[in-house]
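Participant: Once you've had a glance at the structure underneath, I'll fire off some questions.
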Amino acid sequence: SIASLEERLLGVRAMYMKVSREKQFWVTGYYRDEQLAGLRYDRHTTAPRIDIGTMGVQAGVDWVAAPDPSFIFIYGISADYAISDIRLPGGRTNTTTGDTASMGAGVYGSLVSGPWHIDALLRYGAQDYEATAARVAPISTSSQSWSGMISVGRDIPLGKAAKWKLEPAARFVYQRNNNFTDVTDSAGRLYTTSGIFSNELRASIRLSRDGAWKKNLRCAPYVRAGCTYDFATDGRITVAGEDFDHGFSGAGMEAGGGLLLEVRNDILLQAAFSWFDTDVSRGIAATAGISFTW
């Protein structure tokens with residue numbers, strides 16, 4: 001949902017010059033498929049990999065305030081719902097499977113001053129989990145989460161016509177998933193999760209071309225590449241009185257692209273795709289959405 005909102009902020013900044021129409025409604029679908037290279041619990045390691053597939057939908061309303069053409073403030077609210085399928089392969093079958101349902105709501109904003117922009121968002125979520133493992137009955141639990149993001153970027157026009165733009169940017173994301181409900185499986189083992197905490201830094205650069213495809217309707221393709229670093233990312237789970245501390249820290253890279261396409265002066269289509277590979281996980285992600293301005 002954070003990646004989806006980040007793409008949304010990119011789209012609303014592309015439309016902010018239409019200051020006579022201050023409000024936009026938008027809806028986005030997103031998909032993410034990734035493989036974790038096994039969870040590291042102290043000296044223990046789970047299955048060789050963990051497969052996670054996530055799909056969801058997010059919608060919101062944002063407003064544009066433009067006291068001065070060189071100073072724009074964009075703010076909005078959003079809500080989202082997603083489901084994830086988790087599999088721990090073992091031999092010819094999945095030794096453990098899980099399902100997660102998540103609902104969330106948040107606020108976000110973007111401040112544009114000349115070539116600079118600052119984006120920020122805050123999201124609260126509630127998650128329900130169900131896991132099935134060999135020789136025990138399914139178990140279920142729930143948790144609450146908070147996440148936030150702040151990023152800073154600058155648009156650098158290229159060439160005399162300034163159709164091409166280069167945007168270096170830096171981003172920090174914090175995620176906290178805690179208040180897990182304790183659960184006991186059919187073998188009598190008590191599971192207690194203290195929480196999962198994540199801190200991520202990303203430096204990226206985006207190259208885009210702002211053009212028109214029909215009757216001055218905008219068509220803006222772009223590509224983006226960056227590097228990431230997760231630090232101080234950890235948590236603890238206690239099973240039948242034995243503690244397992246785990247960590248997801250590590251460096252990585254990502255690359256992708258997208259398209260902003262106006263089909264009318266008040267309708268914008270957005271699509272984005274990315275690939276990522278880190279010390280912990282690798283996979284792909286995609287978003288597609290539409291926004292209406294009035």
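All residue names refer to the structure tokens as shown: chains lettered A, B, ... in order, residues numbered from 1 in each chain, ligands numbered from 1 in order.
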Set out as JSON lines a contact list for stretch 73-120 of chain A and stretch 131-138 of chain A with a cut-off of 10 Å, giving each residue of stretch 73-120 of chain A that qualifies its closest atom pair and distance in Å to one decimal, counting only C-alpha atoms, ordered by chain and rising residue number.
Facilitator:
{"residue": "A:Ile86", "atom": "CA", "partner": "A:Ala131", "partner_atom": "CA", "distance": 8.7}
{"residue": "A:Arg87", "atom": "CA", "partner": "A:Ala131", "partner_atom": "CA", "distance": 9.6}
{"residue": "A:Leu88", "atom": "CA", "partner": "A:Ala133", "partner_atom": "CA", "distance": 9.6}
{"residue": "A:Asn94", "atom": "CA", "partner": "A:Ala133", "partner_atom": "CA", "distance": 8.7}
{"residue": "A:Thr95", "atom": "CA", "partner": "A:Ala133", "partner_atom": "CA", "distance": 6.0}
{"residue": "A:Thr96", "atom": "CA", "partner": "A:Ala133", "partner_atom": "CA", "distance": 4.5}
{"residue": "A:Thr97", "atom": "CA", "partner": "A:Thr132", "partner_atom": "CA", "distance": 5.3}
{"residue": "A:Gly98", "atom": "CA", "partner": "A:Ala131", "partner_atom": "CA", "distance": 4.2}
{"residue": "A:Asp99", "atom": "CA", "partner": "A:Ala131", "partner_atom": "CA", "distance": 6.6}
{"residue": "A:Thr100", "atom": "CA", "partner": "A:Ala131", "partner_atom": "CA", "distance": 8.9}
Participant: DSSP says strand (DSSP E) for which residues of stretch 176-235 of chain A? Put them as JSON, numbers by chain?
Facilitator: {"A": [176, 177, 178, 183, 184, 190, 191, 192, 193, 194, 195, 196, 197, 198, 199, 200, 201, 202, 203, 204, 205, 206, 207, 208, 209, 211, 212, 213, 214, 217, 218, 219, 220, 221, 222, 223, 224, 225, 226, 227, 228, 229, 230, 231, 232, 233, 234, 235]}
Participant: Just the residues within 12 Å of A:Met103, please, counting only C-alpha atoms, with nothing from its chain fewer than 6 positions along; format it as a list in words.
Facilitator: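 Here the answer would be Ser1, Gly56, Val57, Gln58, Ala59, Ser78, Ala79, Asp80, Tyr81, Ala82, Ile83, Ser84, Arg123, Tyr124, Gly125, Ala126, Gln127, Asp128, Ser142, Ser143, Gln144, Ser145 and Trp146 of chain A.
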Participant: For the selection you just gave me, I'd like the residues written to a file as an mmCIF file, in the first residue's frame, keeping N, CA, C and O atoms.
Facilitator:
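The resulting out-v9.cif:
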data_model
loop_
_atom_site.group_PDB
_atom_site.id
_atom_site.type_symbol
_atom_site.label_atom_id
_atom_site.label_comp_id
_atom_site.auth_asym_id
_atom_site.auth_seq_id
_atom_site.Cartn_x
_atom_site.Cartn_y
_atom_site.Cartn_z
ATOM 1 N N SER A 1 0.816 -1.209 0.000
ATOM 2 C CA SER A 1 0.000 0.000 0.000
ATOM 3 C C SER A 1 0.854 1.264 0.000
ATOM 4 O O SER A 1 0.449 2.288 -0.527
ATOM 5 N N GLY A 56 -4.337 -6.292 -3.881
ATOM 6 C CA GLY A 56 -5.188 -5.419 -3.101
ATOM 7 C C GLY A 56 -5.734 -4.268 -3.915
ATOM 8 O O GLY A 56 -5.415 -4.098 -5.095
ATOM 9 N N VAL A 57 -6.555 -3.479 -3.265
ATOM 10 C CA VAL A 57 -7.152 -2.297 -3.888
ATOM 11 C C VAL A 57 -7.068 -1.147 -2.896
ATOM 12 O O VAL A 57 -7.161 -1.344 -1.680
ATOM 13 N N GLN A 58 -6.853 0.044 -3.417
ATOM 14 C CA GLN A 58 -6.710 1.240 -2.597
ATOM 15 C C GLN A 58 -7.457 2.387 -3.270
ATOM 16 O O GLN A 58 -7.445 2.502 -4.494
ATOM 17 N N ALA A 59 -8.111 3.219 -2.474
ATOM 18 C CA ALA A 59 -8.862 4.347 -3.022
ATOM 19 C C ALA A 59 -8.722 5.536 -2.092
ATOM 20 O O ALA A 59 -8.426 5.394 -0.898
ATOM 21 N N SER A 78 -6.908 8.042 2.391
ATOM 22 C CA SER A 78 -7.005 6.820 1.609
ATOM 23 C C SER A 78 -7.458 5.668 2.480
ATOM 24 O O SER A 78 -7.360 5.703 3.716
ATOM 25 N N ALA A 79 -7.951 4.611 1.841
ATOM 26 C CA ALA A 79 -8.313 3.358 2.499
ATOM 27 C C ALA A 79 -7.894 2.216 1.580
ATOM 28 O O ALA A 79 -7.877 2.369 0.347
ATOM 29 N N ASP A 80 -7.545 1.071 2.167
ATOM 30 C CA ASP A 80 -7.070 -0.041 1.349
ATOM 31 C C ASP A 80 -7.473 -1.382 1.952
ATOM 32 O O ASP A 80 -7.753 -1.490 3.147
ATOM 33 N N TYR A 81 -7.490 -2.390 1.094
ATOM 34 C CA TYR A 81 -7.765 -3.769 1.514
ATOM 35 C C TYR A 81 -6.897 -4.694 0.668
ATOM 36 O O TYR A 81 -6.782 -4.504 -0.554
ATOM 37 N N ALA A 82 -6.253 -5.663 1.311
ATOM 38 C CA ALA A 82 -5.362 -6.574 0.592
ATOM 39 C C ALA A 82 -5.424 -7.962 1.199
ATOM 40 O O ALA A 82 -5.726 -8.131 2.390
ATOM 41 N N ILE A 83 -5.141 -8.972 0.379
ATOM 42 C CA ILE A 83 -5.021 -10.344 0.844
ATOM 43 C C ILE A 83 -3.682 -10.897 0.376
ATOM 44 O O ILE A 83 -3.193 -10.551 -0.700
ATOM 45 N N SER A 84 -3.075 -11.740 1.202
ATOM 46 C CA SER A 84 -1.791 -12.353 0.875
ATOM 47 C C SER A 84 -1.885 -13.856 1.051
ATOM 48 O O SER A 84 -2.541 -14.349 1.978
ATOM 49 N N ARG A 123 0.002 5.613 7.762
ATOM 50 C CA ARG A 123 -1.049 4.606 7.571
ATOM 51 C C ARG A 123 -1.194 3.737 8.817
ATOM 52 O O ARG A 123 -0.201 3.327 9.411
ATOM 53 N N TYR A 124 -2.454 3.442 9.166
ATOM 54 C CA TYR A 124 -2.762 2.477 10.224
ATOM 55 C C TYR A 124 -3.423 1.269 9.583
ATOM 56 O O TYR A 124 -4.271 1.409 8.686
ATOM 57 N N GLY A 125 -3.050 0.062 10.036
ATOM 58 C CA GLY A 125 -3.619 -1.146 9.463
ATOM 59 C C GLY A 125 -3.970 -2.175 10.524
ATOM 60 O O GLY A 125 -3.412 -2.185 11.626
ATOM 61 N N ALA A 126 -4.891 -3.061 10.181
ATOM 62 C CA ALA A 126 -5.267 -4.194 11.027
ATOM 63 C C ALA A 126 -5.187 -5.448 10.178
ATOM 64 O O ALA A 126 -5.703 -5.478 9.050
ATOM 65 N N GLN A 127 -4.539 -6.490 10.704
ATOM 66 C CA GLN A 127 -4.291 -7.704 9.945
ATOM 67 C C GLN A 127 -4.866 -8.922 10.665
ATOM 68 O O GLN A 127 -4.798 -9.007 11.899
ATOM 69 N N ASP A 128 -5.405 -9.862 9.889
ATOM 70 C CA ASP A 128 -5.835 -11.169 10.387
ATOM 71 C C ASP A 128 -5.041 -12.243 9.665
ATOM 72 O O ASP A 128 -4.900 -12.198 8.429
ATOM 73 N N SER A 142 -4.057 -12.112 15.035
ATOM 74 C CA SER A 142 -4.281 -10.795 14.435
ATOM 75 C C SER A 142 -3.244 -9.829 14.980
ATOM 76 O O SER A 142 -2.572 -10.088 15.979
ATOM 77 N N SER A 143 -3.105 -8.684 14.308
ATOM 78 C CA SER A 143 -2.149 -7.675 14.737
ATOM 79 C C SER A 143 -2.592 -6.308 14.254
ATOM 80 O O SER A 143 -3.542 -6.176 13.469
ATOM 81 N N GLN A 144 -1.898 -5.286 14.731
ATOM 82 C CA GLN A 144 -2.106 -3.920 14.280
ATOM 83 C C GLN A 144 -0.778 -3.373 13.773
ATOM 84 O O GLN A 144 0.290 -3.821 14.199
ATOM 85 N N SER A 145 -0.830 -2.421 12.864
ATOM 86 C CA SER A 145 0.404 -1.904 12.284
ATOM 87 C C SER A 145 0.315 -0.400 12.057
ATOM 88 O O SER A 145 -0.775 0.152 11.853
ATOM 89 N N TRP A 146 1.487 0.223 12.101
ATOM 90 C CA TRP A 146 1.657 1.619 11.735
ATOM 91 C C TRP A 146 2.799 1.710 10.730
ATOM 92 O O TRP A 146 3.795 1.001 10.855
#
Participant: Of the residues A:Trp213, A:Trp294, A:Tyr222, A:Phe73, which is the one nearest to A:Ser274, using only C-alpha atoms?
Facilitator: A:Tyr222
Participant: Please list as a VMD selection string every residue within 10 Å of A:Trp63, counting only C-alpha atoms and excluding residues in the same chain fewer than 6 positions away.
Facilitator: chain A and resid 12 16 19 21 to 25 73 to 77 109 293
Participant: How about saving the chosen residues, C-alpha atoms kept, as a PDB file, in the first residue's frame?
Facilitator:
ATOM      1  CA  VAL A  12      -1.324  13.905  -8.511  1.00  0.00           C
ATOM      2  CA  TYR A  16      -1.582  19.775  -9.966  1.00  0.00           C
ATOM      3  CA  VAL A  19      -5.642  24.328 -10.033  1.00  0.00           C
ATOM      4  CA  ARG A  21     -10.199  21.742 -10.325  1.00  0.00           C
ATOM      5  CA  GLU A  22      -9.087  21.175  -6.794  1.00  0.00           C
ATOM      6  CA  LYS A  23     -10.342  17.686  -5.945  1.00  0.00           C
ATOM      7  CA  GLN A  24      -9.455  14.216  -7.260  1.00  0.00           C
ATOM      8  CA  PHE A  25     -10.927  10.797  -6.560  1.00  0.00           C
ATOM      9  CA  PHE A  73       0.244  21.736  -1.260  1.00  0.00           C
ATOM     10  CA  ILE A  74      -1.544  18.450  -1.979  1.00  0.00           C
ATOM     11  CA  TYR A  75      -3.205  16.424   0.793  1.00  0.00           C
ATOM     12  CA  GLY A  76      -5.546  13.456   0.937  1.00  0.00           C
ATOM     13  CA  ILE A  77      -7.037  10.440   2.712  1.00  0.00           C
ATOM     14  CA  GLY A 109       0.511  14.943   1.427  1.00  0.00           C
ATOM     15  CA  THR A 293     -10.517  15.523 -11.247  1.00  0.00           C
TER      16      THR A 293
END
Participant: Which residue, A:Ser281, A:Ser140, A:Thr193, A:Ser151, has the smallest gap to A:Ile118 when you use only C-alpha atoms?
Facilitator: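 Among the listed residues, the smallest separation from A:Ile118 belongs to A:Ser151.
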